[in-house]
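Shown next: upload.cif, given as mmCIF, C-alpha atoms, pLDDT in the B column; chains and numbers go by the auth columns.
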```cif
data_input
#
loop_
_atom_site.group_PDB
_atom_site.id
_atom_site.type_symbol
_atom_site.label_atom_id
_atom_site.label_comp_id
_atom_site.label_asym_id
_atom_site.label_seq_id
_atom_site.Cartn_x
_atom_site.Cartn_y
_atom_site.Cartn_z
_atom_site.B_iso_or_equiv
_atom_site.auth_seq_id
_atom_site.auth_asym_id
ATOM 1 C CA MET A 1 129.029 127.010 21.426 49.00 1 A
ATOM 2 C CA CYS A 2 126.039 128.452 19.542 78.00 2 A
ATOM 3 C CA GLN A 3 123.721 125.490 20.197 83.00 3 A
ATOM 4 C CA MET A 4 124.870 125.417 23.819 85.00 4 A
ATOM 5 C CA ASN A 5 123.820 129.073 24.298 87.00 5 A
ATOM 6 C CA LYS A 6 120.497 128.423 22.599 93.00 6 A
ATOM 7 C CA ASP A 7 119.819 125.366 24.785 94.00 7 A
ATOM 8 C CA LYS A 8 120.848 127.317 27.870 95.00 8 A
ATOM 9 C CA LEU A 9 118.407 130.088 26.951 96.00 9 A
ATOM 10 C CA ILE A 10 115.563 127.622 26.353 96.00 10 A
ATOM 11 C CA ASN A 11 116.200 125.824 29.650 95.00 11 A
ATOM 12 C CA SER A 12 116.407 129.153 31.478 96.00 12 A
ATOM 13 C CA ALA A 13 113.186 130.345 29.822 96.00 13 A
ATOM 14 C CA VAL A 14 111.385 127.194 30.968 94.00 14 A
ATOM 15 C CA LYS A 15 112.628 127.775 34.511 93.00 15 A
ATOM 16 C CA VAL A 16 111.800 131.503 34.546 95.00 16 A
ATOM 17 C CA PHE A 17 108.407 131.198 32.837 93.00 17 A
ATOM 18 C CA ASN A 18 107.388 128.371 35.179 89.00 18 A
ATOM 19 C CA GLU A 19 107.964 130.762 38.077 88.00 19 A
ATOM 20 C CA ASP A 20 106.548 133.886 36.383 91.00 20 A
ATOM 21 C CA PHE A 21 105.080 133.626 32.914 89.00 21 A
ATOM 22 C CA HIS A 22 105.141 137.403 32.499 91.00 22 A
ATOM 23 C CA ALA A 23 108.803 137.794 33.492 95.00 23 A
ATOM 24 C CA PRO A 24 110.762 139.981 31.080 96.00 24 A
ATOM 25 C CA LEU A 25 113.201 138.409 28.652 96.00 25 A
ATOM 26 C CA GLU A 26 115.967 140.203 30.528 96.00 26 A
ATOM 27 C CA ARG A 27 115.289 137.821 33.426 97.00 27 A
ATOM 28 C CA VAL A 28 115.748 134.820 31.106 97.00 28 A
ATOM 29 C CA ALA A 29 119.077 136.204 29.911 96.00 29 A
ATOM 30 C CA GLU A 30 120.138 136.835 33.517 97.00 30 A
ATOM 31 C CA VAL A 31 119.315 133.265 34.613 96.00 31 A
ATOM 32 C CA ALA A 32 121.114 131.888 31.547 96.00 32 A
ATOM 33 C CA GLN A 33 124.085 134.133 32.348 96.00 33 A
ATOM 34 C CA ILE A 34 123.999 135.360 28.764 94.00 34 A
ATOM 35 C CA SER A 35 123.694 138.953 27.578 94.00 35 A
ATOM 36 C CA LYS A 36 120.347 140.303 26.477 94.00 36 A
ATOM 37 C CA ARG A 37 121.925 141.011 23.100 94.00 37 A
ATOM 38 C CA THR A 38 122.838 137.316 22.716 94.00 38 A
ATOM 39 C CA LEU A 39 119.291 136.311 23.649 95.00 39 A
ATOM 40 C CA TYR A 40 117.920 138.521 20.852 95.00 40 A
ATOM 41 C CA ARG A 41 120.454 137.076 18.432 94.00 41 A
ATOM 42 C CA TYR A 42 118.765 133.682 18.893 94.00 42 A
ATOM 43 C CA PHE A 43 115.176 134.779 19.487 95.00 43 A
ATOM 44 C CA LYS A 44 113.740 137.866 17.839 94.00 44 A
ATOM 45 C CA ASP A 45 111.034 138.213 20.486 94.00 45 A
ATOM 46 C CA ARG A 46 109.174 136.538 23.330 93.00 46 A
ATOM 47 C CA GLU A 47 106.966 134.602 20.898 90.00 47 A
ATOM 48 C CA ALA A 48 109.997 133.049 19.182 92.00 48 A
ATOM 49 C CA LEU A 49 111.414 131.974 22.553 94.00 49 A
ATOM 50 C CA ILE A 50 108.084 130.463 23.628 92.00 50 A
ATOM 51 C CA THR A 51 107.867 128.610 20.310 89.00 51 A
ATOM 52 C CA ALA A 52 111.376 127.240 20.938 91.00 52 A
ATOM 53 C CA CYS A 53 110.294 126.115 24.429 93.00 53 A
ATOM 54 C CA TYR A 54 107.270 124.415 22.876 88.00 54 A
ATOM 55 C CA ALA A 55 109.503 122.638 20.347 88.00 55 A
ATOM 56 C CA ASP A 56 111.789 121.557 23.195 91.00 56 A
ATOM 57 C CA MET A 57 108.759 120.212 25.065 89.00 57 A
ATOM 58 C CA LEU A 58 107.652 118.219 22.002 86.00 58 A
ATOM 59 C CA GLU A 59 111.134 116.738 21.634 88.00 59 A
ATOM 60 C CA ASN A 60 111.303 115.806 25.316 91.00 60 A
ATOM 61 C CA TRP A 61 107.761 114.428 25.241 88.00 61 A
ATOM 62 C CA TYR A 62 108.619 112.340 22.183 87.00 62 A
ATOM 63 C CA GLN A 63 111.743 110.906 23.833 91.00 63 A
ATOM 64 C CA ALA A 64 109.868 110.211 27.077 92.00 64 A
ATOM 65 C CA MET A 65 107.004 108.458 25.257 89.00 65 A
ATOM 66 C CA VAL A 66 109.345 106.291 23.173 89.00 66 A
ATOM 67 C CA THR A 67 111.259 105.315 26.310 93.00 67 A
ATOM 68 C CA ALA A 68 108.012 104.592 28.186 92.00 68 A
ATOM 69 C CA PHE A 69 106.545 102.607 25.291 88.00 69 A
ATOM 70 C CA ASN A 70 109.711 100.515 25.005 91.00 70 A
ATOM 71 C CA SER A 71 110.017 99.990 28.763 93.00 71 A
ATOM 72 C CA ASP A 72 107.874 96.870 28.811 93.00 72 A
ATOM 73 C CA ASN A 73 106.149 94.403 26.500 92.00 73 A
ATOM 74 C CA GLU A 74 102.921 94.394 28.492 92.00 74 A
ATOM 75 C CA PRO A 75 100.523 97.028 27.084 89.00 75 A
ATOM 76 C CA ILE A 76 99.067 98.018 30.460 91.00 76 A
ATOM 77 C CA LYS A 77 102.519 98.668 31.910 93.00 77 A
ATOM 78 C CA GLN A 78 103.410 100.622 28.772 91.00 78 A
ATOM 79 C CA LEU A 79 100.276 102.720 29.178 92.00 79 A
ATOM 80 C CA GLU A 80 101.065 103.416 32.834 94.00 80 A
ATOM 81 C CA ALA A 81 104.681 104.335 32.009 95.00 81 A
ATOM 82 C CA MET A 82 103.430 106.647 29.276 92.00 82 A
ATOM 83 C CA LEU A 83 101.045 108.388 31.682 94.00 83 A
ATOM 84 C CA HIS A 84 103.900 108.881 34.159 95.00 84 A
ATOM 85 C CA ALA A 85 106.113 110.258 31.372 93.00 85 A
ATOM 86 C CA ALA A 86 103.371 112.662 30.274 91.00 86 A
ATOM 87 C CA ILE A 87 103.037 113.909 33.854 93.00 87 A
ATOM 88 C CA ASP A 88 106.797 114.414 34.192 93.00 88 A
ATOM 89 C CA CYS A 89 106.916 116.331 30.931 90.00 89 A
ATOM 90 C CA GLY A 90 103.889 118.411 31.929 87.00 90 A
ATOM 91 C CA VAL A 91 105.495 119.319 35.239 88.00 91 A
ATOM 92 C CA LYS A 92 108.697 120.453 33.528 90.00 92 A
ATOM 93 C CA TYR A 93 106.833 122.686 31.062 89.00 93 A
ATOM 94 C CA ILE A 94 103.973 123.804 33.298 84.00 94 A
ATOM 95 C CA PHE A 95 104.025 127.391 32.011 83.00 95 A
ATOM 96 C CA LEU A 96 102.933 126.127 28.596 83.00 96 A
ATOM 97 C CA HIS A 97 99.616 125.139 30.170 71.00 97 A
ATOM 98 C CA THR A 98 98.834 128.857 30.471 64.00 98 A
ATOM 99 C CA LEU A 99 98.938 128.881 26.672 64.00 99 A
ATOM 100 C CA GLU A 100 96.369 126.100 26.246 54.00 100 A
ATOM 101 C CA GLU A 101 93.961 128.299 24.350 46.00 101 A
ATOM 102 C CA LYS A 102 96.690 129.989 22.353 53.00 102 A
ATOM 103 C CA HIS A 103 98.164 128.199 19.393 55.00 103 A
ATOM 104 C CA VAL A 104 101.927 128.180 19.200 61.00 104 A
ATOM 105 C CA ASP A 105 103.243 128.993 15.740 63.00 105 A
ATOM 106 C CA VAL A 106 104.785 125.767 14.473 64.00 106 A
ATOM 107 C CA ALA A 107 105.879 127.239 11.127 64.00 107 A
ATOM 108 C CA ASP A 108 109.437 127.729 12.375 65.00 108 A
ATOM 109 C CA MET A 109 109.670 124.311 14.023 70.00 109 A
ATOM 110 C CA ASP A 110 111.485 121.273 12.653 73.00 110 A
ATOM 111 C CA LYS A 111 108.914 119.376 10.572 78.00 111 A
ATOM 112 C CA ASP A 112 110.619 116.015 11.182 81.00 112 A
ATOM 113 C CA LYS A 113 110.315 116.486 14.940 77.00 113 A
ATOM 114 C CA ILE A 114 106.648 117.365 14.620 77.00 114 A
ATOM 115 C CA LEU A 115 106.089 114.255 12.465 82.00 115 A
ATOM 116 C CA ALA A 116 107.947 112.054 14.966 80.00 116 A
ATOM 117 C CA TYR A 117 105.793 113.487 17.765 77.00 117 A
ATOM 118 C CA GLU A 118 102.609 112.783 15.786 81.00 118 A
ATOM 119 C CA ARG A 119 103.718 109.240 14.906 83.00 119 A
ATOM 120 C CA THR A 120 104.397 108.510 18.566 79.00 120 A
ATOM 121 C CA LYS A 121 100.924 109.767 19.497 78.00 121 A
ATOM 122 C CA GLU A 122 99.435 107.538 16.805 83.00 122 A
ATOM 123 C CA LYS A 123 101.420 104.545 18.106 79.00 123 A
ATOM 124 C CA TRP A 124 99.916 105.102 21.544 77.00 124 A
ATOM 125 C CA PHE A 125 96.491 105.705 20.028 80.00 125 A
ATOM 126 C CA ALA A 126 96.698 102.362 18.143 86.00 126 A
ATOM 127 C CA MET A 127 97.134 100.478 21.429 87.00 127 A
ATOM 128 C CA VAL A 128 93.632 101.370 22.589 90.00 128 A
ATOM 129 C CA PRO A 129 91.578 99.334 20.057 92.00 129 A
ATOM 130 C CA GLU A 130 93.932 96.377 20.547 90.00 130 A
ATOM 131 C CA LEU A 131 93.347 96.497 24.303 92.00 131 A
ATOM 132 C CA GLN A 132 89.614 96.861 23.727 94.00 132 A
ATOM 133 C CA GLU A 133 89.571 93.760 21.510 94.00 133 A
ATOM 134 C CA LYS A 134 91.236 91.846 24.355 92.00 134 A
ATOM 135 C CA HIS A 135 88.586 93.220 26.759 93.00 135 A
ATOM 136 C CA ILE A 136 91.263 94.919 28.865 93.00 136 A
ATOM 137 C CA ILE A 137 89.813 98.377 28.170 95.00 137 A
ATOM 138 C CA ASP A 138 86.062 99.014 28.110 96.00 138 A
ATOM 139 C CA ASN A 139 85.006 98.855 24.445 94.00 139 A
ATOM 140 C CA ARG A 140 82.023 101.140 25.052 96.00 140 A
ATOM 141 C CA LEU A 141 84.474 104.061 25.155 96.00 141 A
ATOM 142 C CA SER A 142 85.805 105.435 21.881 94.00 142 A
ATOM 143 C CA ALA A 143 89.553 105.627 21.344 90.00 143 A
ATOM 144 C CA PRO A 144 89.440 109.446 20.944 91.00 144 A
ATOM 145 C CA TRP A 145 87.558 109.701 24.262 94.00 145 A
ATOM 146 C CA ILE A 146 90.245 107.623 25.980 93.00 146 A
ATOM 147 C CA ARG A 147 92.987 109.774 24.473 89.00 147 A
ATOM 148 C CA HIS A 148 91.285 112.902 25.843 90.00 148 A
ATOM 149 C CA LEU A 149 91.001 111.246 29.263 93.00 149 A
ATOM 150 C CA PHE A 150 94.726 110.467 29.142 92.00 150 A
ATOM 151 C CA GLU A 151 95.636 114.052 28.245 87.00 151 A
ATOM 152 C CA SER A 152 93.243 115.443 30.866 90.00 152 A
ATOM 153 C CA MET A 153 94.654 113.157 33.539 94.00 153 A
ATOM 154 C CA ALA A 154 98.179 114.364 32.784 90.00 154 A
ATOM 155 C CA ARG A 155 97.001 118.005 32.895 87.00 155 A
ATOM 156 C CA THR A 156 95.047 117.447 36.115 91.00 156 A
ATOM 157 C CA SER A 157 98.102 115.827 37.708 92.00 157 A
ATOM 158 C CA VAL A 158 100.291 118.778 36.810 87.00 158 A
ATOM 159 C CA LYS A 159 97.737 121.252 38.195 86.00 159 A
ATOM 160 C CA ALA A 160 97.321 119.227 41.401 90.00 160 A
ATOM 161 C CA LEU A 161 101.062 119.141 41.929 88.00 161 A
ATOM 162 C CA ASP A 162 101.416 122.845 41.172 84.00 162 A
ATOM 163 C CA SER A 163 98.632 123.743 43.623 87.00 163 A
ATOM 164 C CA GLY A 164 100.194 121.666 46.375 90.00 164 A
ATOM 165 C CA ASP A 165 96.945 119.738 46.868 90.00 165 A
ATOM 166 C CA VAL A 166 98.565 116.340 46.259 92.00 166 A
ATOM 167 C CA ALA A 167 101.823 115.043 47.677 93.00 167 A
ATOM 168 C CA PRO A 168 104.378 114.487 44.909 92.00 168 A
ATOM 169 C CA ASN A 169 104.918 110.850 45.935 93.00 169 A
ATOM 170 C CA ASP A 170 101.159 110.160 45.557 96.00 170 A
ATOM 171 C CA LEU A 171 100.652 111.965 42.268 94.00 171 A
ATOM 172 C CA LYS A 172 101.424 109.205 39.751 95.00 172 A
ATOM 173 C CA LYS A 173 99.722 106.549 41.861 96.00 173 A
ATOM 174 C CA PHE A 174 96.515 108.625 42.019 97.00 174 A
ATOM 175 C CA ALA A 175 96.714 109.487 38.316 96.00 175 A
ATOM 176 C CA TRP A 176 97.112 105.861 37.239 97.00 176 A
ATOM 177 C CA LEU A 177 94.383 104.649 39.595 97.00 177 A
ATOM 178 C CA SER A 178 91.970 107.289 38.284 97.00 178 A
ATOM 179 C CA PHE A 179 92.834 106.815 34.621 97.00 179 A
ATOM 180 C CA SER A 180 92.941 103.018 34.624 96.00 180 A
ATOM 181 C CA ARG A 181 89.591 102.759 36.435 97.00 181 A
ATOM 182 C CA SER A 182 87.980 105.339 34.149 97.00 182 A
ATOM 183 C CA ILE A 183 88.756 103.181 31.078 96.00 183 A
ATOM 184 C CA GLY A 184 87.715 99.908 32.690 95.00 184 A
ATOM 185 C CA ILE A 185 91.053 98.413 33.748 93.00 185 A
ATOM 186 C CA ARG A 186 90.718 96.495 37.007 80.00 186 A
#
```

What does this structure look like when you write it as structure tokens?
Amino acid sequence: MCQMNKDKLINSAVKVFNEDFHAPLERVAEVAQISKRTLYRYFKDREALITACYADMLENWYQAMVTAFNSDNEPIKQLEAMLHAAIDCGVKYIFLHTLEEKHVDVADMDKDKILAYERTKEKWFAMVPELQEKHIIDNRLSAPWIRHLFESMARTSVKALDSGDVAPNDLKKFAWLSFSRSIGIR
């Protein structure tokens, strides 16, 4: 029951903060259908709840990336699936983009989950030089540059969707076309 309430609060916080980042914690408790007192039993303050949402995002991102990476044996299809997964995760946790400049305190987060997240990023990052050696990706671009392009494309996709400037059914197609062409995939 305890973990269920905590998960319910985190999911409700993601929903509420996506709609209004400055909403009071009382609104989160209301959406979760849990008392304010129970909310404060799990999270001492807004910062603790946001950190929990960030940890939840990392866990979901990790799972999505592993699934995407394992979805195909062809590296280009893996890369495309990973971009789509990053966009989906970014859309779900859009309010966290308002915190881009702010560093979330990871001291209270599960170290194993953070390590798994980092290892998954490194696994993706290791694909780039391999694809460059095969002349699939332009070798004039550095791997860190390509990683930043990937992250920026996911962020741009989320912002475009949020603004309503791009139809949801076109979003991933446009993102992949833009990203793949920018790194030399034809």

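Take atom CA of Asp88 of chain A and atom CA of Leu171 of chain A: the distance between them is 10.4 Å.
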
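Among the candidate residues A:Trp61, A:Leu25, A:Asp112, A:Ile183, the one lying nearest to Glu47 of chain A is A:Leu25, with distances computed using only C-alpha atoms.
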
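By chain and then residue number, the residues within 10 Å of Ser152 of chain A are Ile146, Val158 and Phe179 of chain A, counting only C-alpha atoms and disregarding those fewer than 6 positions away in sequence.
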
Could you save those same residues with C-alpha atoms as a compact mmCIF listing (two decimals), keeping the file's coordinate frame?
```txt
# COMPACT_ATOMS: atom_id res chain seq x y z
CA ILE A 146 90.24 107.62 25.98
CA VAL A 158 100.29 118.78 36.81
CA PHE A 179 92.83 106.82 34.62
```

Q | Explicit residue set for the PyMOL selection byres ((chain A and resi 5) around 10), as a count of residues only | A | 16

Q. Between atom CA of Ala126 of chain A and atom CA of Gly90 of chain A, what is the distance, to one decimal in Å?
A. 22.3 Å

Q: Quote the spacing between atom CA of Ala154 of chain A and atom CA of Ala86 of chain A in Å to one decimal place.
A: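 Atom CA of Ala154 of chain A sits 6.0 Å away from atom CA of Ala86 of chain A.
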